[in-house]
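Shown next: input19.txt, containing compact mmCIF, C-alpha atoms and all ligand atoms.
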```
# COMPACT_ATOMS: atom_id res chain seq x y z
CA MET L 7 14.41 -72.69 -16.28
CA ASN L 8 13.52 -71.28 -12.91
CA ILE L 9 15.33 -69.83 -9.93
CA ALA L 10 15.00 -71.33 -6.46
CA ASN L 11 17.24 -70.78 -3.42
CA ASN L 12 19.33 -68.37 -5.52
CA LYS L 13 20.23 -71.15 -7.97
CA ILE L 14 19.16 -71.87 -11.53
CA GLN L 15 17.22 -75.06 -11.88
CA PHE L 16 15.40 -77.03 -14.55
CA GLY L 17 12.35 -78.69 -13.09
CA LYS L 18 13.53 -79.61 -9.59
CA HIS L 19 17.14 -80.22 -10.62
CA THR L 20 19.68 -77.48 -10.08
CA ALA L 21 22.04 -76.75 -12.97
CA GLU L 22 24.84 -78.03 -10.71
CA GLU L 23 23.07 -81.36 -10.19
CA LEU L 24 22.58 -81.75 -13.94
CA LEU L 25 26.31 -81.28 -14.48
CA ASP L 26 27.04 -83.85 -11.76
CA GLN L 27 24.76 -86.31 -13.53
CA PHE L 28 25.56 -85.65 -17.21
CA GLY L 29 29.00 -84.04 -17.09
CA SER L 30 30.18 -80.53 -17.91
CA PRO L 31 29.69 -78.73 -20.24
CA LEU L 32 26.10 -79.62 -21.07
CA TYR L 33 23.39 -78.44 -23.48
CA VAL L 34 19.94 -78.34 -21.84
CA TYR L 35 16.72 -77.87 -23.83
CA GLU L 36 13.24 -77.33 -22.41
CA LYS L 37 10.44 -78.95 -24.36
CA GLU L 38 7.79 -76.55 -23.04
CA THR L 39 9.57 -73.63 -24.71
CA LEU L 40 9.74 -75.44 -28.06
CA VAL L 41 5.99 -76.04 -27.90
CA ARG L 42 5.27 -72.47 -26.77
CA GLN L 43 7.24 -70.94 -29.65
CA TYR L 44 5.62 -73.23 -32.21
CA GLU L 45 2.15 -72.30 -30.93
CA ARG L 46 3.05 -68.57 -30.99
CA LEU L 47 3.94 -68.86 -34.66
CA LYS L 48 0.80 -70.78 -35.55
CA ASP L 49 -1.27 -68.22 -33.73
CA ALA L 50 0.48 -65.26 -35.42
CA PHE L 51 -0.26 -66.69 -38.89
CA LYS L 52 -3.69 -68.06 -37.99
CA ASP L 53 -5.33 -66.18 -40.89
CA SER L 54 -3.38 -68.07 -43.54
CA ASP L 55 -3.25 -71.58 -44.86
CA LEU L 56 0.23 -72.05 -43.35
CA SER L 57 2.89 -74.74 -43.22
CA ILE L 58 5.76 -74.31 -40.79
CA LEU L 59 9.03 -75.94 -41.83
CA PHE L 60 11.51 -76.06 -38.95
CA ALA L 61 14.92 -74.90 -40.29
CA CYS L 62 16.82 -77.71 -38.65
CA LYS L 63 20.23 -76.19 -39.34
CA ALA L 64 19.48 -74.35 -36.09
CA ASN L 65 19.32 -77.59 -34.13
CA SER L 66 19.36 -81.00 -35.74
CA ASN L 67 19.26 -83.23 -32.68
CA ILE L 68 16.91 -86.01 -33.75
CA GLU L 69 14.88 -85.82 -30.53
CA ILE L 70 14.27 -82.10 -31.13
CA LEU L 71 13.20 -82.94 -34.69
CA LYS L 72 10.72 -85.46 -33.28
CA VAL L 73 9.22 -82.80 -31.01
CA PHE L 74 8.48 -80.65 -34.07
CA LYS L 75 7.21 -83.62 -36.07
CA ASN L 76 4.68 -84.34 -33.34
CA LEU L 77 3.60 -80.70 -33.37
CA GLY L 78 2.80 -80.97 -37.09
CA SER L 79 5.84 -79.16 -38.49
CA GLY L 80 7.75 -79.95 -41.66
CA ILE L 81 11.50 -79.53 -42.23
CA ASP L 82 13.65 -77.05 -44.12
CA ALA L 83 16.83 -79.02 -44.85
CA ILE L 84 20.11 -77.67 -46.18
CA SER L 85 21.94 -80.89 -47.00
CA PRO L 86 21.51 -84.60 -47.66
CA GLY L 87 22.60 -85.09 -44.04
CA GLU L 88 19.69 -83.03 -42.73
CA VAL L 89 17.31 -84.86 -45.10
CA PHE L 90 18.63 -88.14 -43.71
CA LEU L 91 18.07 -86.98 -40.11
CA ALA L 92 14.57 -85.72 -40.90
CA LEU L 93 13.62 -89.03 -42.50
CA GLN L 94 15.09 -90.90 -39.52
CA ALA L 95 13.00 -88.71 -37.22
CA GLY L 96 9.88 -89.86 -39.09
CA PHE L 97 9.10 -86.92 -41.37
CA LYS L 98 7.52 -87.89 -44.68
CA PRO L 99 9.34 -86.82 -47.88
CA GLU L 100 6.53 -84.42 -48.75
CA GLN L 101 7.09 -82.61 -45.43
CA ILE L 102 10.71 -81.81 -46.32
CA LEU L 103 12.03 -79.09 -48.62
CA LEU L 104 15.72 -78.95 -49.52
CA THR L 105 17.16 -75.46 -49.86
CA ALA L 106 20.88 -75.67 -50.41
CA THR L 107 23.75 -74.02 -52.20
CA ASN L 108 26.35 -75.81 -54.29
CA LEU L 109 24.89 -79.29 -54.29
CA THR L 110 26.96 -81.98 -55.94
CA ARG L 111 25.45 -84.41 -58.42
CA GLU L 112 25.55 -87.09 -55.70
CA ASP L 113 23.71 -84.77 -53.28
CA ILE L 114 20.95 -84.17 -55.84
CA GLU L 115 20.68 -87.86 -56.70
CA TYR L 116 20.39 -88.79 -53.02
CA VAL L 117 17.58 -86.36 -52.23
CA LEU L 118 15.64 -86.97 -55.47
CA ASP L 119 15.83 -90.69 -54.76
CA LYS L 120 14.10 -89.91 -51.44
CA ASN L 121 11.41 -87.91 -53.34
CA ILE L 122 12.29 -84.62 -51.71
CA ILE L 123 11.43 -81.38 -53.50
CA VAL L 124 14.61 -79.39 -54.24
CA ASN L 125 14.86 -75.63 -54.43
CA ILE L 126 16.75 -74.58 -57.54
CA ASP L 127 19.41 -72.17 -56.30
CA ASN L 128 21.38 -71.28 -59.44
CA ILE L 129 21.53 -71.70 -63.20
CA SER L 130 24.70 -73.84 -63.16
CA MET L 131 22.81 -76.46 -61.19
CA LEU L 132 20.34 -76.76 -64.07
CA GLU L 133 22.92 -76.54 -66.84
CA GLU L 134 25.09 -79.26 -65.25
CA HIS L 135 22.49 -81.57 -63.73
CA GLY L 136 19.18 -80.47 -65.32
CA GLU L 137 18.31 -83.93 -66.62
CA LEU L 138 18.16 -85.25 -63.03
CA PHE L 139 15.04 -83.10 -62.59
CA ALA L 140 13.29 -84.55 -65.67
CA GLY L 141 9.58 -84.96 -64.95
CA ARG L 142 10.10 -83.81 -61.33
CA GLU L 143 8.39 -81.17 -59.25
CA VAL L 144 10.80 -78.43 -58.19
CA SER L 145 10.79 -75.15 -56.34
CA ILE L 146 12.88 -72.06 -57.18
CA ARG L 147 14.76 -69.94 -54.67
CA ILE L 148 14.39 -66.31 -55.68
CA ASN L 149 16.86 -63.69 -54.54
CA PRO L 150 14.67 -60.59 -54.14
CA ASP L 151 17.62 -58.20 -53.73
CA ILE L 152 16.74 -56.93 -50.28
CA ARG L 153 19.13 -56.22 -47.45
CA ALA L 154 17.83 -57.60 -44.17
CA GLY L 155 19.44 -59.27 -41.18
CA GLY L 156 21.11 -58.44 -37.90
CA HIS L 157 24.74 -58.77 -39.10
CA SER L 158 26.31 -58.68 -42.54
CA TYR L 159 26.98 -62.44 -42.20
CA LEU L 160 23.25 -62.97 -41.69
CA GLU L 161 22.08 -61.20 -44.88
CA THR L 162 21.12 -63.63 -47.62
CA GLY L 163 18.67 -61.75 -49.84
CA HIS L 164 20.77 -59.13 -51.63
CA ARG L 165 21.90 -59.67 -55.19
CA ASP L 166 25.59 -59.93 -54.30
CA SER L 167 24.98 -62.80 -51.90
CA LYS L 168 25.53 -66.38 -53.00
CA PHE L 169 21.91 -67.39 -52.43
CA GLY L 170 19.18 -67.91 -54.99
CA LEU L 171 18.36 -66.77 -58.50
CA VAL L 172 18.12 -63.06 -59.11
CA ILE L 173 14.83 -62.21 -60.76
CA GLU L 174 16.36 -61.61 -64.21
CA GLU L 175 17.63 -65.20 -64.20
CA THR L 176 14.19 -66.77 -63.85
CA PRO L 177 13.39 -66.87 -67.60
CA ARG L 178 16.55 -68.91 -68.20
CA ALA L 179 15.60 -71.22 -65.31
CA ILE L 180 12.14 -71.70 -66.83
CA GLU L 181 13.69 -72.47 -70.21
CA LEU L 182 16.01 -75.11 -68.73
CA LEU L 183 13.33 -76.64 -66.55
CA SER L 184 10.78 -76.87 -69.35
CA LYS L 185 13.40 -78.56 -71.55
CA HIS L 186 13.32 -81.36 -68.95
CA ASP L 187 9.60 -81.24 -68.35
CA ALA L 188 10.04 -80.26 -64.72
CA THR L 189 7.13 -78.54 -62.99
CA VAL L 190 7.65 -75.52 -60.75
CA VAL L 191 5.39 -76.07 -57.72
CA GLY L 192 6.98 -73.60 -55.33
CA LEU L 193 8.76 -70.29 -55.03
CA HIS L 194 11.07 -69.66 -52.13
CA GLN L 195 13.08 -66.90 -50.54
CA HIS L 196 14.97 -66.37 -47.29
CA ILE L 197 16.34 -62.87 -46.93
CA GLY L 198 18.28 -63.09 -43.67
CA SER L 199 18.36 -63.82 -39.96
CA ASP L 200 17.50 -61.57 -37.02
CA ILE L 201 14.93 -59.56 -39.00
CA THR L 202 12.90 -57.38 -36.66
CA ASP L 203 10.57 -55.40 -38.90
CA ALA L 204 7.65 -56.54 -40.99
CA GLY L 205 8.68 -54.00 -43.67
CA SER L 206 11.47 -55.96 -45.34
CA LEU L 207 9.47 -59.18 -45.21
CA LEU L 208 6.49 -57.48 -46.87
CA GLU L 209 8.74 -55.89 -49.48
CA SER L 210 10.25 -59.26 -50.36
CA LEU L 211 6.82 -60.91 -50.28
CA ASP L 212 5.61 -58.40 -52.88
CA LYS L 213 8.58 -59.19 -55.09
CA ILE L 214 8.04 -62.93 -54.92
CA LEU L 215 4.30 -62.55 -55.48
CA ALA L 216 5.01 -60.58 -58.64
CA VAL L 217 7.01 -63.56 -59.93
CA THR L 218 4.20 -65.89 -58.90
CA LEU L 219 2.07 -64.58 -61.76
CA THR L 220 4.51 -66.21 -64.20
CA TYR L 221 3.74 -69.73 -63.00
CA ASP L 222 0.34 -71.44 -63.13
CA SER L 223 1.62 -74.65 -61.59
CA LEU L 224 2.55 -73.23 -58.17
CA ARG L 225 1.23 -74.81 -54.99
CA PHE L 226 3.25 -72.90 -52.37
CA ILE L 227 5.16 -69.73 -51.61
CA ASP L 228 7.85 -70.05 -48.95
CA ILE L 229 9.02 -66.77 -47.42
CA GLY L 230 11.82 -68.28 -45.32
CA GLY L 231 12.63 -67.68 -41.66
CA GLY L 232 14.80 -65.12 -39.90
CA PHE L 233 12.55 -63.98 -37.05
CA LYS L 234 14.60 -62.48 -34.24
CA VAL L 235 14.51 -63.41 -30.57
CA LYS L 236 15.67 -61.39 -27.56
CA TYR L 237 19.20 -62.09 -26.41
CA HIS L 238 18.82 -59.86 -23.35
CA GLU L 239 16.02 -58.02 -21.55
CA ASP L 240 16.41 -54.74 -23.49
CA ASP L 241 16.94 -56.42 -26.85
CA SER L 242 14.43 -56.19 -29.70
CA GLU L 243 12.56 -59.15 -31.10
CA THR L 244 10.36 -59.66 -34.13
CA ASP L 245 6.79 -58.64 -33.37
CA ILE L 246 5.60 -61.98 -34.63
CA ALA L 247 1.88 -61.22 -34.22
CA ASP L 248 2.31 -58.09 -36.35
CA VAL L 249 4.39 -59.86 -39.01
CA GLY L 250 1.98 -62.82 -39.08
CA SER L 251 -1.12 -60.73 -39.55
CA LYS L 252 0.42 -58.34 -42.11
CA VAL L 253 2.00 -61.09 -44.21
CA SER L 254 -1.19 -63.19 -44.08
CA ARG L 255 -3.33 -60.25 -45.15
CA ARG L 256 -1.06 -59.32 -48.06
CA PHE L 257 -0.83 -62.95 -49.15
CA ASN L 258 -4.58 -63.59 -48.93
CA GLU L 259 -5.38 -60.39 -50.85
CA PHE L 260 -3.01 -61.47 -53.62
CA CYS L 261 -4.58 -64.93 -53.84
CA GLN L 262 -8.11 -63.55 -53.93
CA LYS L 263 -7.33 -60.87 -56.48
CA ASN L 264 -5.57 -63.31 -58.80
CA ASN L 265 -7.84 -66.24 -58.12
CA ARG L 266 -4.99 -68.44 -56.92
CA THR L 267 -5.01 -71.18 -54.29
CA LEU L 268 -1.58 -71.18 -52.69
CA ARG L 269 -0.12 -72.38 -49.43
CA LEU L 270 2.06 -70.01 -47.42
CA MET L 271 5.17 -71.55 -45.90
CA ILE L 272 7.62 -70.18 -43.36
CA GLU L 273 10.85 -71.79 -42.19
CA PRO L 274 12.04 -70.42 -38.89
CA GLY L 275 14.96 -71.88 -36.99
CA LYS L 276 16.08 -69.50 -34.28
CA PHE L 277 12.56 -68.41 -33.29
CA LEU L 278 11.58 -71.99 -32.55
CA VAL L 279 14.62 -73.21 -30.63
CA SER L 280 16.87 -70.38 -29.41
CA GLU L 281 15.18 -69.69 -26.09
CA SER L 282 14.65 -73.34 -25.25
CA GLY L 283 18.39 -74.00 -24.94
CA PHE L 284 21.07 -73.30 -22.34
CA LEU L 285 24.74 -74.18 -22.26
CA LEU L 286 25.95 -75.03 -18.75
CA THR L 287 29.66 -74.81 -18.00
CA LYS L 288 31.89 -74.90 -14.92
CA VAL L 289 34.32 -72.17 -13.92
CA GLN L 290 37.89 -73.47 -13.97
CA SER L 291 39.95 -70.37 -13.25
CA ILE L 292 39.79 -66.74 -12.21
CA LYS L 293 42.58 -64.42 -13.29
CA GLY L 294 42.78 -61.06 -11.61
CA SER L 295 45.91 -59.56 -13.04
CA GLY L 296 45.93 -56.59 -15.40
CA LYS L 297 42.91 -54.40 -15.98
CA LYS L 298 40.19 -57.00 -15.89
CA ILE L 299 39.04 -60.17 -14.21
CA ILE L 300 38.98 -63.13 -16.57
CA VAL L 301 36.74 -66.07 -15.73
CA GLY L 302 37.81 -69.27 -17.50
CA THR L 303 35.32 -72.06 -18.26
CA ASP L 304 35.38 -75.62 -19.57
CA THR L 305 33.53 -74.76 -22.79
CA GLY L 306 34.27 -72.19 -25.49
CA MET L 307 33.92 -71.12 -29.09
CA ASN L 308 34.11 -74.79 -30.12
CA HIS L 309 30.72 -75.35 -28.47
CA LEU L 310 29.14 -71.93 -29.00
CA ILE L 311 30.72 -69.99 -31.84
CA ARG L 312 28.15 -67.18 -32.10
CA PRO L 313 29.97 -64.64 -29.86
CA ALA L 314 33.25 -65.12 -31.78
CA LEU L 315 31.68 -65.29 -35.24
CA TYR L 316 29.00 -62.59 -35.10
CA ASN L 317 30.01 -60.71 -31.97
CA ALA L 318 26.69 -62.02 -30.67
CA TYR L 319 25.54 -61.34 -27.13
CA HIS L 320 24.48 -64.31 -25.02
CA LYS L 321 23.29 -63.62 -21.49
CA ILE L 322 25.39 -65.44 -18.88
CA VAL L 323 24.26 -66.00 -15.28
CA ASN L 324 26.05 -67.63 -12.36
CA ALA L 325 23.70 -70.57 -11.85
CA SER L 326 25.31 -71.43 -8.50
CA GLN L 327 24.57 -67.98 -7.06
CA VAL L 328 22.16 -65.92 -9.15
CA ASP L 329 22.14 -62.88 -6.86
CA GLY L 330 25.15 -61.65 -4.93
CA ILE L 331 27.87 -59.06 -5.07
CA ARG L 332 28.41 -58.33 -8.74
CA GLU L 333 31.72 -58.10 -10.48
CA LYS L 334 32.55 -56.97 -13.99
CA VAL L 335 34.28 -59.86 -15.69
CA GLU L 336 35.23 -61.30 -19.05
CA ILE L 337 34.12 -64.88 -19.56
CA VAL L 338 36.32 -67.01 -21.76
CA GLY L 339 36.61 -70.61 -22.90
CA ASN L 340 39.34 -73.23 -22.96
CA ILE L 341 40.25 -72.96 -26.65
CA CYS L 342 43.61 -71.76 -27.87
CA GLU L 343 42.31 -68.65 -29.67
CA SER L 344 42.13 -65.09 -28.44
CA ALA L 345 38.65 -64.86 -30.00
CA ASP L 346 37.48 -67.50 -27.53
CA VAL L 347 35.42 -65.02 -25.50
CA LEU L 348 31.86 -65.89 -24.49
CA GLY L 349 31.01 -62.60 -22.81
CA GLN L 350 32.76 -59.26 -22.40
CA GLU L 351 32.26 -56.81 -19.54
CA ARG L 352 29.61 -58.88 -17.81
CA ASP L 353 28.21 -58.06 -14.41
CA ILE L 354 27.72 -61.38 -12.73
CA SER L 355 27.51 -62.32 -9.10
CA GLY L 356 30.92 -63.25 -7.68
CA PRO L 357 32.02 -66.22 -9.78
CA LYS L 358 34.25 -68.73 -7.98
CA VAL L 359 36.14 -71.72 -9.32
CA GLY L 360 33.68 -74.63 -9.41
CA ASP L 361 30.59 -72.45 -9.94
CA THR L 362 28.22 -73.33 -12.76
CA LEU L 363 27.52 -70.68 -15.38
CA CYS L 364 24.40 -70.75 -17.51
CA ILE L 365 24.59 -69.33 -21.05
CA PHE L 366 21.19 -68.39 -22.49
CA ASN L 367 19.74 -68.64 -26.02
CA ALA L 368 21.89 -71.64 -26.80
CA GLY L 369 19.13 -73.68 -28.46
CA SER L 370 19.82 -72.40 -31.97
CA TYR L 371 23.13 -72.54 -33.83
CA GLY L 372 24.84 -73.77 -30.66
CA TYR L 373 25.46 -77.49 -30.85
CA SER L 374 24.66 -77.51 -34.58
CA MET L 375 27.66 -75.22 -35.23
CA ALA L 376 29.91 -76.89 -32.66
CA SER L 377 33.17 -78.57 -33.56
CA THR L 378 35.91 -80.66 -32.01
CA TYR L 379 38.53 -77.96 -32.51
CA ASN L 380 41.52 -78.50 -30.22
CA ALA L 381 40.31 -82.13 -29.98
CA ARG L 382 37.84 -81.02 -27.35
CA MET L 383 34.90 -83.38 -27.28
CA LEU L 384 31.30 -82.34 -27.95
CA PRO L 385 29.12 -82.08 -24.84
CA ALA L 386 26.02 -84.13 -24.02
CA GLU L 387 22.54 -82.76 -24.72
CA ILE L 388 19.50 -83.28 -22.53
CA LEU L 389 15.82 -82.50 -23.04
CA VAL L 390 13.78 -81.51 -19.99
CA GLU L 391 10.10 -82.38 -20.21
CA ASN L 392 7.70 -81.91 -17.29
CA GLY L 393 10.72 -81.24 -15.10
CA THR L 394 12.41 -84.53 -16.00
CA PRO L 395 15.75 -84.52 -17.84
CA ARG L 396 16.43 -87.09 -20.57
CA LEU L 397 19.73 -87.66 -22.30
CA ILE L 398 19.24 -87.00 -26.05
CA ARG L 399 22.87 -87.16 -27.15
CA ARG L 400 25.71 -88.64 -25.20
CA ARG L 401 28.88 -86.78 -24.44
CA GLN L 402 31.70 -87.63 -26.83
CA GLN L 403 34.47 -89.88 -25.53
CA LEU L 404 38.14 -89.70 -26.41
CA GLU L 405 37.75 -92.78 -28.62
CA ASP L 406 35.18 -90.89 -30.72
CA LEU L 407 38.04 -88.72 -31.95
CA LEU L 408 39.33 -91.79 -33.80
CA CYS L 409 36.00 -92.99 -35.16
CA PHE L 410 36.58 -91.85 -38.77
CA ASN L 411 40.03 -93.38 -39.04
CA PRO L 412 40.33 -96.30 -41.45
CA ASP L 413 41.32 -99.51 -39.62
N1 LIG L 501 15.71 -70.87 -44.34
C1 LIG L 501 16.89 -70.77 -44.96
C2 LIG L 501 16.99 -71.04 -46.40
C3 LIG L 501 18.03 -70.40 -44.24
O1 LIG L 501 19.19 -70.28 -44.86
C4 LIG L 501 17.92 -70.15 -42.85
C5 LIG L 501 19.10 -69.76 -42.08
C6 LIG L 501 16.66 -70.29 -42.24
C7 LIG L 501 15.58 -70.65 -43.02
C8 LIG L 501 16.44 -70.06 -40.76
O2 LIG L 501 16.82 -68.81 -40.32
P1 LIG L 501 16.51 -68.39 -38.81
O3 LIG L 501 15.03 -68.38 -38.63
O4 LIG L 501 17.13 -69.42 -37.90
O5 LIG L 501 17.14 -67.06 -38.64
N2 LIG L 501 24.14 -69.09 -37.67
C9 LIG L 501 23.40 -67.83 -37.68
C10 LIG L 501 22.15 -67.91 -38.49
C11 LIG L 501 22.44 -68.34 -39.91
C12 LIG L 501 21.22 -68.75 -40.57
C13 LIG L 501 21.47 -69.33 -41.92
N3 LIG L 501 20.25 -69.63 -42.58
C14 LIG L 501 23.14 -67.39 -36.26
O6 LIG L 501 23.57 -68.09 -35.33
O7 LIG L 501 22.56 -66.32 -36.03
```
Rewrite the coordinates I just gave you, this time as C-alpha cells.
Amino acid sequence: MNIANNKIQFGKHTAEELLDQFGSPLYVYEKETLVRQYERLKDAFKDSDLSILFACKANSNIEILKVFKNLGSGIDAISPGEVFLALQAGFKPEQILLTATNLTREDIEYVLDKNIIVNIDNISMLEEHGELFAGREVSIRINPDIRAGGHSYLETGHRDSKFGLVIEETPRAIELLSKHDATVVGLHQHIGSDITDAGSLLESLDKILAVTLTYDSLRFIDIGGGFKVKYHEDDSETDIADVGSKVSRRFNEFCQKNNRTLRLMIEPGKFLVSESGFLLTKVQSIKGSGKKIIVGTDTGMNHLIRPALYNAYHKIVNASQVDGIREKVEIVGNICESADVLGQERDISGPKVGDTLCIFNAGSYGYSMASTYNARMLPAEILVENGTPRLIRRRQQLEDLLCFNPD
C-alpha cells in the first residue's frame, strides 16, 4: 500500500482502479507484508529450534496458505476443513497440527486417516473415542489457567474457558492414552489473542514446562499464537523481538538443565496476516440528519465482523482522497443490523458518494469470519505481488447462493 497523488494505491494501481477491475467490495493482500512478518518472527526466535505453524483460521485462502508453505511454515488447523485446505495447498501431514474443540468421531477419523497429529482437548474425547488413537502419536492441549488476551472473547487459557485440559486432568488423560498405547509427542497451549507482554507467555511457558517433566516421549512444545499487531498509529503491539528472545532463553535453559531435546513451536495467525490485508469498499450514501454524519458503504459486518463482535478498531482512510478537509463521521455497512458499524467518530477527509474507502488490518479474521448474512455475496480476494494484482478467489455470484440446494 502506498499513497500517490493523494490516493491509495497498491503497486501502480489505485484502489479505485482495483475496484473497477475486480468489483466492490474487495479484499486485497500484499505478499511482501506476509513475507516480512514471517521473517520478523523467525528472526525474533532465532535462538531456538523453532517451527512456525500458521494459524490458518485467520486466513484460509489457499493461495495465502501456499505463500506460507513456500516460506517453510507449517499449519495450525482447527477443523477437518482446514486440514483439507492445508493438504490441498501442498503441506505434508507432518507439517499440520490439529487443535480443535468438540470434534466428532467422523472429524477424528478423517484427520487420523490423513496422518495428522491431533491435540487432545478434553477427557470426554478420550473416553468416547480413545480407541481411535490406539498406537498413534498425539499431543495434549494444556489449559495453564492464565488470563491473557485483548478482549474477554479472546481469552482462551483460563480454567473456566472451554479450551484444553486443566493440569489436574492430565493424569487421567495419561491413563486413558496408555490404555490405548498412544504416545504423547507434544504439549500445546494457546492462552489468548492480542497478548502484548512477554510476562503472561513466560508464565504459561513455565507451567507447560513443568508438565513436560512427566513425559519422556515428547518431541515438541507448542506455545500457541496470540501476538498483537497495531490497529492504529498509537496502538500497542507485541514486542516480538523481546518475546522471542525471552521465550527462547527460558526454553533453552529448561532443555539444557533437564537434558531434553525439544522443538519449540509457535502458531501465530494475526501477526502473520493482519497487516497484509485491506478491505476496499465504495461509499453509497451520506446521511447528514440528526447529530452525526453517517457514511454508508457496500460492505459491512458480514464481511468484517471484528468491529461488531469485539468492538475492534480498524483504521479507515478515504482512498480516493487521502488528505483533505476532515469530517467526523460514522461509517456503516449495508446489513440490516444496528451493530453494522465499521467505524465510529472517524475523522476522514470529506467522503463523497462513489469514493473508495480502505479498511486496514483486514488480513486476519476478515474473510475467514465472513458470511452471506442478508444473502449478500462474499467479495473477491486479490493478492498483490511485485505490484501486480492476481485474483485468488472470485466474487460470489447470485447463483452461488443456491449451490448447496439439493436438485
Ligand atoms: N492457536 C490456537 C489454538 C488458536 O485458537 C488461535 C486463535 C491461534 C493459534 C492464533 O491466534 P492469533 O495469533 O491469530 O491471535 N477472531 C479473533 C481471534 C480469535 C482467535 C482464536 N484462536 C480476532 O479477530 O481477534
Please tabulate, as a tab-separated table, the residues of chain L that come within 7 Å of ligand LIG 501 (chain L), each with its closest pair of atoms and the distance in Å to one decimal, counting all atoms listed in the file and ordering rows by chain, then residue number upward.
```
residue	atom	partner	partner_atom	distance
L:Ala61	CA	L:LIG501	C7	5.1
L:Ala64	CA	L:LIG501	O4	5.8
L:Asp82	CA	L:LIG501	N1	6.5
L:Thr105	CA	L:LIG501	C2	5.6
L:Leu160	CA	L:LIG501	C11	5.7
L:His196	CA	L:LIG501	C2	5.2
L:Gly198	CA	L:LIG501	O5	6.5
L:Ser199	CA	L:LIG501	O5	3.7
L:Asp200	CA	L:LIG501	O5	5.7
L:Gly230	CA	L:LIG501	N1	4.8
L:Gly231	CA	L:LIG501	O3	3.9
L:Gly232	CA	L:LIG501	O5	3.3
L:Phe233	CA	L:LIG501	O3	5.3
L:Lys234	CA	L:LIG501	O5	6.8
L:Glu273	CA	L:LIG501	C7	4.9
L:Pro274	CA	L:LIG501	O3	3.6
L:Gly275	CA	L:LIG501	O4	3.4
L:Lys276	CA	L:LIG501	O4	3.8
L:Phe277	CA	L:LIG501	O3	5.9
L:Arg312	CA	L:LIG501	O6	5.7
L:Ser370	CA	L:LIG501	O6	6.6
L:Tyr371	CA	L:LIG501	O6	4.7
```
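Restricting the calculation to all atoms listed in the file, the smallest distance between Ile337 (chain L) and any of L:Leu407, L:Ala381, L:Leu183, L:Val289 is found for L:Val289.
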Quiz item: Which neighbours of region 257-267 of chain L fall inside 9 Å, counting all atoms listed in the file, when residues of the same chain fewer than 2 positions from it are skipped, and could you give them as a PyMOL selection string?
Solution: chain L and resi 53-54+211-212+215+219+222+224-226+252-255+269-270
Exercise. Go through L:Pro357, L:Gly136, L:Gly96, L:Gly306 one by one, measure the shortest atom-to-atom distance of each to Ser326 (chain L) using all atoms listed in the file, and give the residue with the smallest value.
Key: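 Among the listed residues, the smallest separation from Ser326 (chain L) belongs to L:Pro357.
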Quiz item: Which polymer residues, protein or nucleic acid, are no farther than 6 Å from (5.0, -56.4, -42.5), counting all atoms listed in the file, as a PyMOL selection string?
Solution: chain L and resi 204-205+207-208+249+252-253
Just-selected residues, C-alpha atoms written as a compact mmCIF listing (two decimals), in the frame of the given file:
```
# COMPACT_ATOMS: atom_id res chain seq x y z
CA ALA L 204 7.65 -56.54 -40.99
CA GLY L 205 8.68 -54.00 -43.67
CA LEU L 207 9.47 -59.18 -45.21
CA LEU L 208 6.49 -57.48 -46.87
CA VAL L 249 4.39 -59.86 -39.01
CA LYS L 252 0.42 -58.34 -42.11
CA VAL L 253 2.00 -61.09 -44.21
```
Could you complete region 267-279 of chain L so that it carries N, CA and C atoms, and give it back as a PDB file, in the frame of the given file?
```pdb
ATOM      1  N   THR L 267      -4.974 -70.451 -55.547  1.00  0.00           N
ATOM      2  CA  THR L 267      -5.010 -71.180 -54.290  1.00  0.00           C
ATOM      3  C   THR L 267      -3.576 -71.601 -53.970  1.00  0.00           C
ATOM      4  N   LEU L 268      -2.989 -70.934 -53.010  1.00  0.00           N
ATOM      5  CA  LEU L 268      -1.580 -71.180 -52.690  1.00  0.00           C
ATOM      6  C   LEU L 268      -1.424 -71.381 -51.192  1.00  0.00           C
ATOM      7  N   ARG L 269      -0.430 -72.179 -50.845  1.00  0.00           N
ATOM      8  CA  ARG L 269      -0.120 -72.380 -49.430  1.00  0.00           C
ATOM      9  C   ARG L 269       1.051 -71.479 -49.065  1.00  0.00           C
ATOM     10  N   LEU L 270       0.953 -70.835 -47.912  1.00  0.00           N
ATOM     11  CA  LEU L 270       2.060 -70.010 -47.420  1.00  0.00           C
ATOM     12  C   LEU L 270       2.951 -70.870 -46.544  1.00  0.00           C
ATOM     13  N   MET L 271       4.263 -70.777 -46.750  1.00  0.00           N
ATOM     14  CA  MET L 271       5.170 -71.550 -45.900  1.00  0.00           C
ATOM     15  C   MET L 271       6.177 -70.594 -45.268  1.00  0.00           C
ATOM     16  N   ILE L 272       6.540 -70.910 -44.026  1.00  0.00           N
ATOM     17  CA  ILE L 272       7.620 -70.180 -43.360  1.00  0.00           C
ATOM     18  C   ILE L 272       8.603 -71.211 -42.823  1.00  0.00           C
ATOM     19  N   GLU L 273       9.862 -70.813 -42.668  1.00  0.00           N
ATOM     20  CA  GLU L 273      10.850 -71.790 -42.190  1.00  0.00           C
ATOM     21  C   GLU L 273      11.775 -71.195 -41.137  1.00  0.00           C
ATOM     22  N   PRO L 274      11.232 -70.985 -39.953  1.00  0.00           N
ATOM     23  CA  PRO L 274      12.040 -70.420 -38.890  1.00  0.00           C
ATOM     24  C   PRO L 274      12.927 -71.462 -38.203  1.00  0.00           C
ATOM     25  N   GLY L 275      14.101 -71.019 -37.796  1.00  0.00           N
ATOM     26  CA  GLY L 275      14.960 -71.880 -36.990  1.00  0.00           C
ATOM     27  C   GLY L 275      15.071 -71.291 -35.598  1.00  0.00           C
ATOM     28  N   LYS L 276      15.793 -70.156 -35.557  1.00  0.00           N
ATOM     29  CA  LYS L 276      16.080 -69.500 -34.280  1.00  0.00           C
ATOM     30  C   LYS L 276      14.839 -69.259 -33.427  1.00  0.00           C
ATOM     31  N   PHE L 277      13.769 -68.750 -34.048  1.00  0.00           N
ATOM     32  CA  PHE L 277      12.560 -68.410 -33.290  1.00  0.00           C
ATOM     33  C   PHE L 277      12.034 -69.628 -32.534  1.00  0.00           C
ATOM     34  N   LEU L 278      12.155 -70.790 -33.161  1.00  0.00           N
ATOM     35  CA  LEU L 278      11.580 -71.990 -32.550  1.00  0.00           C
ATOM     36  C   LEU L 278      12.453 -72.577 -31.440  1.00  0.00           C
ATOM     37  N   VAL L 279      13.776 -72.457 -31.567  1.00  0.00           N
ATOM     38  CA  VAL L 279      14.620 -73.210 -30.630  1.00  0.00           C
ATOM     39  C   VAL L 279      15.567 -72.381 -29.749  1.00  0.00           C
TER      40      VAL L 279
END
```
